[in-house]
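Q: Quick one: structure below, then a few questions.
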Amino acid sequence: MHQDFVPPGIAVLTGGRNPEVISKFTHRRANVGETVQLIDHVYISVLNIDKSLAFYSEALKPLGWKVFGNYDSASGPKGVPDLYGIGDDSYGSGKAVGSSIWLRRRKLGETGLYLGIVCNTNELVDAAYAAAIKAGGTDEGKPADRTYFAPGYYAANVADFDGNRLEFVHKAWNSK
């Protein structure tokens with residue numbers, strides 16, 4: 001493993017890690033020994049929601065993950081699918097930034113990834129969105145409050161050249 005590589009979402013720095021490398025991704029300097037949260041959530045497109053929900057909840061149970069709820073697409077804007085959530089013990093607690101997996105029903109011929117990336121402020125959401133668009137990304141949702149998910153949920157969405165999607169997200173309830 002390269003000395004500067006830090007696994008997304010579980011980035012625990014040690015004396016052998018380079019805090020400057022981490023700061024490129026988190027927009028701040030990280031201290032040795034500090035946990036840095038990079039990944040907020042991932043959508044996984046599956047063929048069978050019930051079977052997949054049972055699989056992921058059992059597979060992640062030893063790590064403290066649990067099923068925490070569903071998102072009904074009827075309560076939000078067009079294009080947001082029904083979602084089925086599994087989260088770690090910090091997700092939604094307010095005690096720390098947590099991570100979650102949202103299962104969604106796969107559409108015929110669908111491929112690609114949906115990745116939610118933690119931003120520490122709304123301004124960083126705006127900056128990441130602008131940089132992604134400038135780099136050739138496709139707008140899939142300008143920076144805005146997404147109160148249909150939760151109050152204090154601010155996000156922007158872009159797609160890359162292959163249809164993979166990024167959501168830059170700041171959740172007001174997460175500590176910095």
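How things are named: the first chain in the structure tokens is A, the next is B, and so on; residues count from 1 in each chain; ligands count from 1 in the order shown.
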Looking only at the backbone, which of the residues in stretch 53-137 of chain A does DSSP tag as alpha helix (DSSP H), as a PyMOL selection string?
A: chain A and resi 53-60+122-134
Q: Tell me, as number ranges by chain, which residues lie within 12 Å of A:Ala128, counting only C-alpha atoms; anything in the same chain fewer than 6 positions away does not count.
A: A: 25-27, 117-122, 134-135, 137, 142-143, 155-158, 166-170
Q: Per DSSP on the backbone, filter stretch 39-150 of chain A down to the residues in strand (DSSP E or B) and report them as a ChimeraX atom specification.
A: /A:39-46,66-71,83-87,100-105,114-118,138-145
Q: Which of these residues is nearest to A:Thr138, using only C-alpha atoms: A:Ala96, A:Ala159, A:Ala54, A:Leu47?
A: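 Going through A:Ala96, A:Ala159, A:Ala54, A:Leu47 one by one, the smallest distance to A:Thr138 is for A:Ala159.
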Q: So that I can see what lies close to A:Ile101, please list as JSON, numbers by chain the residues with an atom at most 6 Å from it, counting only C-alpha atoms and leaving out residues fewer than 4 positions away in the same chain.
A: {"A": [41, 42, 43, 85, 86]}
Q: What does the file look like for those residues with C-alpha atoms, as an mmCIF file, in the first residue's frame?
A:
data_model
loop_
_atom_site.group_PDB
_atom_site.id
_atom_site.type_symbol
_atom_site.label_atom_id
_atom_site.label_comp_id
_atom_site.auth_asym_id
_atom_site.auth_seq_id
_atom_site.Cartn_x
_atom_site.Cartn_y
_atom_site.Cartn_z
ATOM 1 C CA HIS A 41 -23.231 7.673 1.537
ATOM 2 C CA VAL A 42 -23.315 5.311 -1.418
ATOM 3 C CA TYR A 43 -26.306 4.185 -3.491
ATOM 4 C CA GLY A 85 -31.092 2.815 4.290
ATOM 5 C CA ILE A 86 -28.439 0.992 6.309
#
Q: Could you tell me how far atom CA of A:Ser57 lies from atom CA of A:Asn70, in Å and to one decimal?
A: 13.5 Å
Q: Report the distance between atom CA of A:Lys95 and atom CA of A:Asp72 in Å, rounded to one decimal place.
A: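 Calculated distance between atom CA of A:Lys95 and atom CA of A:Asp72 is 25.9 Å.
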Q: Give the answer as one residue: which of A:Ala131, A:Val46, A:Leu83, A:Ala59 has the shortest atom-to-atom distance to A:Leu108, using only C-alpha atoms?
A: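 Residue with the minimum atom-to-atom distance to A:Leu108: A:Val46.
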